[in-house]
Structures are given as structure tokens and as C-alpha cells.
file query_37.txt (compact mmCIF, C-alpha atoms)
# COMPACT_ATOMS: atom_id res chain seq x y z
CA MET A 274 141.65 43.22 128.28
CA LYS A 275 143.57 46.42 127.65
CA ARG A 276 144.70 45.01 124.30
CA TYR A 277 141.06 44.54 123.20
CA LEU A 278 140.13 48.04 124.28
CA ARG A 279 142.90 49.43 122.09
CA ASP A 280 141.90 47.33 119.09
CA PRO A 281 140.38 49.53 116.24
CA ILE A 282 138.02 46.74 115.25
CA VAL A 283 136.50 46.78 118.74
CA HIS A 284 136.10 50.55 118.48
CA PHE A 285 134.33 50.12 115.15
CA ILE A 286 131.95 47.49 116.55
CA VAL A 287 131.10 49.60 119.61
CA LEU A 288 130.50 52.72 117.46
CA GLY A 289 128.26 50.73 115.12
CA ALA A 290 126.23 49.35 118.02
CA LEU A 291 125.86 52.89 119.42
CA LEU A 292 124.60 54.20 116.08
CA VAL A 293 122.08 51.35 115.83
CA PHE A 294 120.89 52.12 119.36
CA ILE A 295 120.47 55.83 118.58
CA HIS A 296 118.68 54.98 115.32
CA ASN A 297 116.22 52.74 117.16
CA LEU A 298 115.58 55.44 119.76
CA TRP A 299 114.92 57.94 116.97
CA ASN A 300 112.50 55.59 115.24
CA ASP A 301 110.69 54.95 118.53
CA TRP A 302 110.39 58.71 119.11
CA GLN A 303 109.18 59.24 115.57
CA GLY A 304 106.62 56.51 116.09
CA ILE A 305 105.23 58.31 119.12
CA GLU A 306 105.69 61.98 118.21
CA GLY A 307 105.33 61.61 114.43
CA ARG A 308 101.97 59.95 114.83
CA THR A 309 100.65 62.22 117.54
CA ILE A 310 98.44 65.08 116.33
CA ASN A 311 97.91 67.79 118.90
CA VAL A 312 95.01 70.10 117.99
CA SER A 313 95.70 73.05 120.27
CA ALA A 314 93.14 75.53 121.53
CA SER A 315 94.79 78.28 119.48
CA GLU A 316 94.55 76.12 116.36
CA ILE A 317 90.86 75.45 117.02
CA GLU A 318 90.30 79.18 117.45
CA ARG A 319 92.07 79.88 114.15
CA LEU A 320 90.02 77.23 112.35
CA SER A 321 86.80 78.64 113.86
CA LYS A 322 87.66 82.17 112.71
CA THR A 323 88.35 80.90 109.21
CA TRP A 324 85.02 79.07 109.22
CA SER A 325 83.19 82.20 110.41
CA SER A 326 84.79 84.42 107.76
CA THR A 327 83.76 82.06 104.94
CA SER A 328 80.34 80.94 106.20
CA GLY A 329 79.26 84.21 107.79
CA ARG A 330 78.27 82.63 111.11
CA VAL A 331 79.78 81.28 114.31
CA PRO A 332 80.32 77.51 114.11
CA SER A 333 78.01 75.32 116.18
CA ASP A 334 79.28 72.40 118.27
CA LYS A 335 78.57 70.11 115.34
CA ASP A 336 80.40 72.44 112.98
CA ARG A 337 83.32 72.60 115.40
CA ASP A 338 83.58 68.79 115.48
CA TYR A 339 83.52 68.72 111.69
CA ILE A 340 86.23 71.41 111.44
CA ILE A 341 88.51 69.50 113.82
CA ASP A 342 87.86 66.22 112.01
CA GLN A 343 88.78 67.77 108.66
CA TYR A 344 91.91 69.32 110.14
CA VAL A 345 93.05 65.96 111.56
CA LYS A 346 92.44 64.18 108.26
CA GLU A 347 94.38 66.86 106.38
CA GLU A 348 97.27 66.66 108.85
CA VAL A 349 97.42 62.87 108.52
CA LEU A 350 97.50 63.09 104.73
CA VAL A 351 100.23 65.75 104.83
CA ARG A 352 102.41 63.68 107.17
CA GLU A 353 101.96 60.51 105.15
CA ALA A 354 102.82 62.40 101.98
CA GLN A 355 105.95 63.74 103.65
CA ARG A 356 106.96 60.20 104.70
CA LEU A 357 106.67 59.10 101.07
CA GLY A 358 108.61 62.14 99.89
CA LEU A 359 105.75 63.26 97.63
CA GLY A 360 106.52 66.93 98.16
CA GLU A 361 110.06 66.77 96.87
CA GLY A 362 110.42 68.71 93.64
CA ASP A 363 106.70 69.62 93.58
CA VAL A 364 106.50 73.21 92.24
CA ILE A 365 102.88 73.69 93.29
CA MET A 366 103.58 72.55 96.83
CA ARG A 367 106.63 74.84 97.03
CA ARG A 368 104.49 77.80 96.00
CA ARG A 369 101.73 76.93 98.45
CA LEU A 370 104.26 76.69 101.28
CA ALA A 371 105.80 80.01 100.23
CA GLN A 372 102.34 81.61 100.13
CA LYS A 373 101.52 80.29 103.58
CA MET A 374 104.81 81.62 104.96
CA ASP A 375 104.08 84.96 103.31
CA PHE A 376 100.66 84.96 105.00
CA LEU A 377 102.20 84.21 108.40
CA ILE A 378 104.70 87.03 108.02
CA SER A 379 101.92 89.42 106.97
CA ALA A 380 99.84 88.48 110.01
CA GLU A 381 102.87 89.01 112.24
CA GLY A 382 103.39 92.47 110.81
CA GLU A 383 100.05 94.00 111.76
CA ALA A 384 100.84 97.64 112.37
CA GLU A 385 100.16 99.41 115.63
CA GLU A 386 97.81 102.36 115.76
CA ALA A 387 99.21 105.52 114.19
CA SER A 388 99.03 108.90 115.88
CA ASP A 389 97.02 111.69 114.28
CA SER A 390 100.23 113.45 113.29
CA GLU A 391 101.51 110.30 111.52
CA LEU A 392 98.21 109.90 109.68
CA ARG A 393 98.16 113.55 108.66
CA ASN A 394 101.73 113.33 107.36
CA PHE A 395 100.78 110.22 105.40
CA TYR A 396 97.73 112.02 104.02
CA ASP A 397 99.81 115.03 102.95
CA GLU A 398 102.22 112.72 101.09
CA HIS A 399 99.43 110.83 99.30
CA LYS A 400 96.72 113.44 98.74
CA ALA A 401 96.00 112.31 95.20
CA GLN A 402 95.06 108.88 96.54
CA PHE A 403 92.16 110.35 98.51
CA ALA A 404 90.92 112.94 96.00
CA SER A 405 87.47 112.52 94.45
CA ASN A 406 87.37 111.71 90.74
CA GLU A 407 86.70 114.22 88.00
CA ARG A 408 83.04 114.31 86.95
CA ARG A 409 81.47 115.54 83.74
CA SER A 410 78.04 116.54 82.51
CA PHE A 411 77.27 115.90 78.85
CA ASN A 412 74.57 115.62 76.20
CA HIS A 413 74.75 113.23 73.27
CA VAL A 414 73.00 112.56 69.96
CA TYR A 415 72.74 108.88 69.09
CA LEU A 416 72.95 107.30 65.63
CA SER A 417 71.73 103.73 65.19
CA PRO A 418 73.87 101.38 63.07
CA GLU A 419 70.75 99.34 62.27
CA LYS A 420 69.14 102.39 60.70
CA TYR A 421 72.04 103.82 58.73
CA GLY A 422 74.24 100.79 58.03
CA ASN A 423 77.37 101.70 56.08
CA ALA A 424 76.18 105.30 55.71
CA ILE A 425 76.35 105.96 59.46
CA GLU A 426 79.69 107.81 59.32
CA SER A 427 78.53 110.27 56.65
CA GLN A 428 75.22 110.77 58.46
CA ALA A 429 77.07 111.50 61.70
CA GLN A 430 79.23 114.10 59.94
CA GLN A 431 76.15 115.86 58.55
CA LEU A 432 74.49 115.99 61.98
CA LEU A 433 77.72 117.22 63.58
CA GLU A 434 77.88 120.15 61.16
CA GLN A 435 74.28 121.06 61.98
CA LEU A 436 74.90 120.86 65.72
CA GLN A 437 77.98 123.04 65.45
CA ALA A 438 75.88 125.53 63.50
CA GLY A 439 73.47 125.81 66.43
CA VAL A 440 70.62 123.41 65.57
CA ASP A 441 68.77 122.19 68.69
CA TRP A 442 70.26 118.80 69.59
CA LYS A 443 67.04 117.60 71.22
CA ASP A 444 65.37 117.28 67.82
CA MET A 445 68.18 115.25 66.29
CA GLY A 446 69.38 111.68 66.27
CA ASP A 447 67.64 108.39 66.97
CA PRO A 448 65.79 107.19 70.08
CA PHE A 449 68.19 105.88 72.71
CA ILE A 450 67.53 103.15 75.27
CA GLN A 451 69.21 105.17 78.04
CA LYS A 452 69.32 108.87 78.86
CA ARG A 453 70.52 111.50 76.42
CA SER A 454 71.85 113.80 79.16
CA TYR A 455 74.08 112.94 82.11
CA ALA A 456 75.03 115.22 84.98
CA VAL A 457 78.23 115.14 87.13
CA ILE A 458 79.07 111.55 86.31
CA PRO A 459 82.52 109.97 86.87
CA GLN A 460 84.46 108.18 84.15
CA ALA A 461 84.00 104.77 85.75
CA GLU A 462 80.21 105.12 85.61
CA VAL A 463 80.32 106.29 81.99
CA GLY A 464 82.44 103.25 81.22
CA ARG A 465 79.93 100.97 82.89
CA LEU A 466 77.07 102.43 80.83
CA PHE A 467 78.73 102.92 77.43
CA GLY A 468 82.02 101.02 77.54
CA PRO A 469 85.56 102.03 78.59
CA ASP A 470 86.64 103.34 75.18
CA PHE A 471 83.66 105.71 75.00
CA ALA A 472 84.33 106.93 78.55
CA LYS A 473 88.02 107.54 77.86
CA ALA A 474 87.15 109.47 74.70
CA ILE A 475 84.62 111.86 76.23
CA PHE A 476 86.82 112.55 79.25
CA ALA A 477 89.42 113.82 76.78
CA LEU A 478 87.00 116.23 75.04
CA LYS A 479 87.01 119.99 75.48
CA GLN A 480 84.06 121.64 77.19
CA GLY A 481 81.38 123.56 75.31
CA GLN A 482 81.53 122.15 71.77
CA TRP A 483 79.99 119.26 69.87
CA SER A 484 82.45 116.54 69.01
CA GLY A 485 82.48 113.08 67.49
CA PRO A 486 81.43 110.72 66.27
CA ILE A 487 82.43 108.50 69.19
CA GLY A 488 81.66 104.80 69.11
CA SER A 489 80.08 102.80 71.93
CA ALA A 490 78.57 99.37 72.34
CA PHE A 491 75.32 100.84 70.97
CA GLY A 492 76.47 102.77 67.90
CA LEU A 493 77.82 106.27 67.24
CA HIS A 494 77.37 109.37 69.40
CA LEU A 495 77.91 113.09 68.94
CA VAL A 496 78.82 114.52 72.34
CA LYS A 497 78.92 117.95 73.97
CA ILE A 498 80.59 118.38 77.36
CA GLU A 499 78.52 120.89 79.33
CA THR A 500 80.49 121.07 82.59
CA VAL A 501 83.68 119.65 84.05
CA ASP A 502 83.93 119.21 87.80
CA ASP A 503 87.61 118.79 88.58
CA ALA A 504 88.82 116.23 91.07
CA LEU A 505 88.32 117.62 94.56
CA GLN A 506 90.74 117.26 97.45
CA ALA A 507 88.97 115.54 100.32
CA ASP A 508 89.12 116.96 103.83
CA PHE A 509 91.46 114.98 106.10
CA GLU A 510 88.86 114.33 108.80
CA ALA A 511 86.33 113.12 106.22
CA VAL A 512 88.67 110.45 104.87
CA LYS A 513 90.59 109.67 108.07
CA PRO A 514 89.39 106.01 108.24
CA GLN A 515 90.59 105.42 104.66
CA VAL A 516 93.89 107.14 105.47
CA ARG A 517 94.36 104.86 108.49
CA ASP A 518 93.68 101.74 106.39
CA ALA A 519 96.14 102.85 103.70
CA TRP A 520 98.79 103.66 106.32
CA ARG A 521 98.39 100.22 107.91
CA ALA A 522 98.69 98.53 104.52
CA GLN A 523 101.89 100.43 103.77
CA GLN A 524 103.40 99.63 107.17
CA GLN A 525 102.57 95.95 106.73
CA LEU A 526 104.23 95.87 103.30
CA LYS A 527 107.36 97.50 104.73
CA PHE A 528 107.46 95.02 107.61
CA LYS A 529 107.02 92.04 105.29
CA ALA A 530 109.72 93.23 102.91
CA GLN A 531 112.18 93.71 105.78
CA LYS A 532 111.25 90.36 107.34
CA VAL A 533 111.84 88.50 104.09
CA ASP A 534 115.17 90.31 103.60
CA ASP A 535 116.19 89.26 107.12
CA LEU A 536 115.30 85.63 106.40
CA VAL A 537 117.21 85.69 103.12
CA SER A 538 120.26 87.15 104.85
CA GLY A 539 120.45 84.01 107.01
CA TYR A 540 121.13 81.85 103.95
CA THR A 541 124.17 81.41 101.76
CA ILE A 542 123.09 82.01 98.18
CA ILE A 543 125.08 80.29 95.43
CA ILE A 544 124.12 81.12 91.85
CA GLU A 545 125.72 78.91 89.26
CA ASP A 546 126.79 80.56 86.01
CA ASN A 547 125.89 78.39 83.04
CA ASP A 548 128.24 80.37 80.79
CA THR A 549 131.33 79.15 82.58

call {"tool": "encode", "arguments": {"input": "query_37.txt", "output": "C-alpha cells"}}
result
Amino acid sequence: MKRYLRDPIVHFIVLGALLVFIHNLWNDWQGIEGRTINVSASEIERLSKTWSSTSGRVPSDKDRDYIIDQYVKEEVLVREAQRLGLGEGDVIMRRRLAQKMDFLISAEGEAEEASDSELRNFYDEHKAQFASNERRSFNHVYLSPEKYGNAIESQAQQLLEQLQAGVDWKDMGDPFIQKRSYAVIPQAEVGRLFGPDFAKAIFALKQGQWSGPIGSAFGLHLVKIETVDDALQADFEAVKPQVRDAWRAQQQLKFKAQKVDDLVSGYTIIIEDNDT
């Protein structure tokens, strides 16, 4: 008996039988656990919140049943795809998983409430972020491309010389579909009305003189900047809610960056050099 126990072949047979036994146990466990879908209360709450944010209402009992049913079907499809190895080498799936992990880290990093002193310090360091935009008041004389055709540039130059000589602008130019005078208007609004190139051009003009011609989506314009209201620094208390939101966003970005760095530090990174 002792001779058999010392025989390597016996050892090999016993080890093989043990491995088969463990493998069968693992398969049995996978059959039970791998095909058991536990929809927890926290998961149902998360699904309900997602539903509410997209539909704009609290889910009814019928909606709740539908949400759970869709979640179960999705989970089954994901598990079956994993069993078939469909996710291996799938770039889109890799990115979706990375995005989901990024979302989870971001949710984990929700910043605590900042003290007034922290918010004020943040405000002092980012004042330009909370300043109101520069606004301008201007008059313009419009020239229609339908009326003048190829002669519009020369016509604009003639009118500009008259305007610079002091001729009343109100009696000049062609009828315009919008206003001919605008008061304390920001660049973004000018861009919305006339186009971004026109807005950029008139916000670069000097105050008090007729300039142009400047093109827009409508035609050509001769423009005079009447007033320039510089960007104003907002009072801290007036913009405190915006300051708090910006501070939270910054803290969350810092947390996420540090969290990702910590995760990366737990891996061994090997970069192969193709030149060698």
C-alpha cells in the first residue's frame, strides 16, 4: 500500500481527479450564480431616477415593471455575450465600459459643501469667469446686394465718405428688415442677429466714427459705435450660486484625475518599442 502511495503515477491520477472535481464544482456554481440576476432595491432606485430625469415624471407601477423588465433583458444579453466572448477586442465596447467607469468615479467624487471663505477665494482667483460681457451700442447703414449688385462696394465707399463728412445717417442706405440702432447689446446677441463675423468685426471697431463696409448675412453695413460698456465685475454675493457650482465642478475634476492616477498606479505598464 505504501508503495502505491509513493508512486508518481498515482499522484498524477489523484491530482487529475481533484482538478476535475473542482472544475465541476465551479461549473455548478456558475450555473447557479451566473444565471441568477439580482435586481437590488438600490438598482431599482437608480433606474427610477434615470427614468425620471429623461421622462420628466415619476415612474408609475407599470413603468417600474417595464424598467425592471428591460434591465433584466439587458443583463441577460450582456451575460450571454460575455459567455460567447463577443466583447473581446471590441473597441466600442471598451470605450463604453471606460465611459461608464468614468461616470462612476465622477459620481463618487461629488464634492462636499464649501465654506464661504473657500468660495470667496475661488471667486477671487477666477473673477474673469463671472464678469458680465462687454456690450456696445451702435447705428448702421445698410446696403442691399440685390439693389447694387457688383457696384455695392463703390456705393458703400461713397456713403462712408458722406457719413464721415457729417451727413445724417438716418436719411441714407436701404430699408432693413431689422433695427438700424442697437443699444447695450453683447457680442453673442449681435452674432445671433447678423452672424459671428459681423459681430467680431464691430466689437473690434473704435468708438465714435463711421467704419466699414462690414459684411453680414444680409449685405454690407456701415457702422458707428456710439457707446462701449466694458465688462463689469459681478458682486460676489450676486453670483455666489454660480461660484459654488464652478467650485464643485473643479473639485470633482481634481478628484477624478487623482482617482484615475491611483488606479493606473496599481498596474504594471509595459510599452513595447517598435524601433527595437

call {"tool": "residues_around", "arguments": {"input": "query_37.txt", "residues": "region 386-396 of chain A", "least_positions_apart": "5", "cutoff": "7 Å", "atoms": "all atoms listed in the file", "output": "compact mmCIF listing (two decimals) with C-alpha atoms, keeping the file's coordinate frame"}}
result
# COMPACT_ATOMS: atom_id res chain seq x y z
CA VAL A 516 93.89 107.14 105.47
CA ARG A 517 94.36 104.86 108.49
CA TRP A 520 98.79 103.66 106.32

call {"tool": "closest_residue", "arguments": {"input": "query_37.txt", "among": "A:Ser315, A:Ser417, A:Gln525, A:Ser454", "to": "Leu493 (chain A)", "atoms": "all atoms listed in the file"}}
result
A:Ser417

call {"tool": "closest_residue", "arguments": {"input": "query_37.txt", "among": "A:Glu434, A:Ile487, A:Phe403, A:Phe476", "to": "Ala511 (chain A)", "atoms": "all atoms listed in the file"}}
result
A:Phe403

call {"tool": "atom_distance", "arguments": {"input": "query_37.txt", "atom1": "CA of Glu510 (chain A)", "atom2": "CA of Arg408 (chain A)"}}
result
22.6 Å

call {"tool": "atom_distance", "arguments": {"input": "query_37.txt", "atom1": "CA of Asp334 (chain A)", "atom2": "CA of Ile317 (chain A)"}}
result
12.0 Å

call {"tool": "residues_around", "arguments": {"input": "query_37.txt", "residues": "region 337-342 of chain A", "least_positions_apart": "3", "cutoff": "9 Å", "atoms": "all atoms listed in the file", "output": "PyMOL selection string"}}
result
chain A and resi 312+317+320-321+324+332-334+345-347

call {"tool": "closest_residue", "arguments": {"input": "query_37.txt", "among": "A:Leu495, A:Ile425, A:Arg409, A:Leu357", "to": "Gln480 (chain A)", "atoms": "all atoms listed in the file"}}
result
A:Arg409

call {"tool": "closest_residue", "arguments": {"input": "query_37.txt", "among": "A:Ala456, A:Ser489, A:Val501, A:Trp442", "to": "Ala477 (chain A)", "atoms": "all atoms listed in the file"}}
result
A:Val501
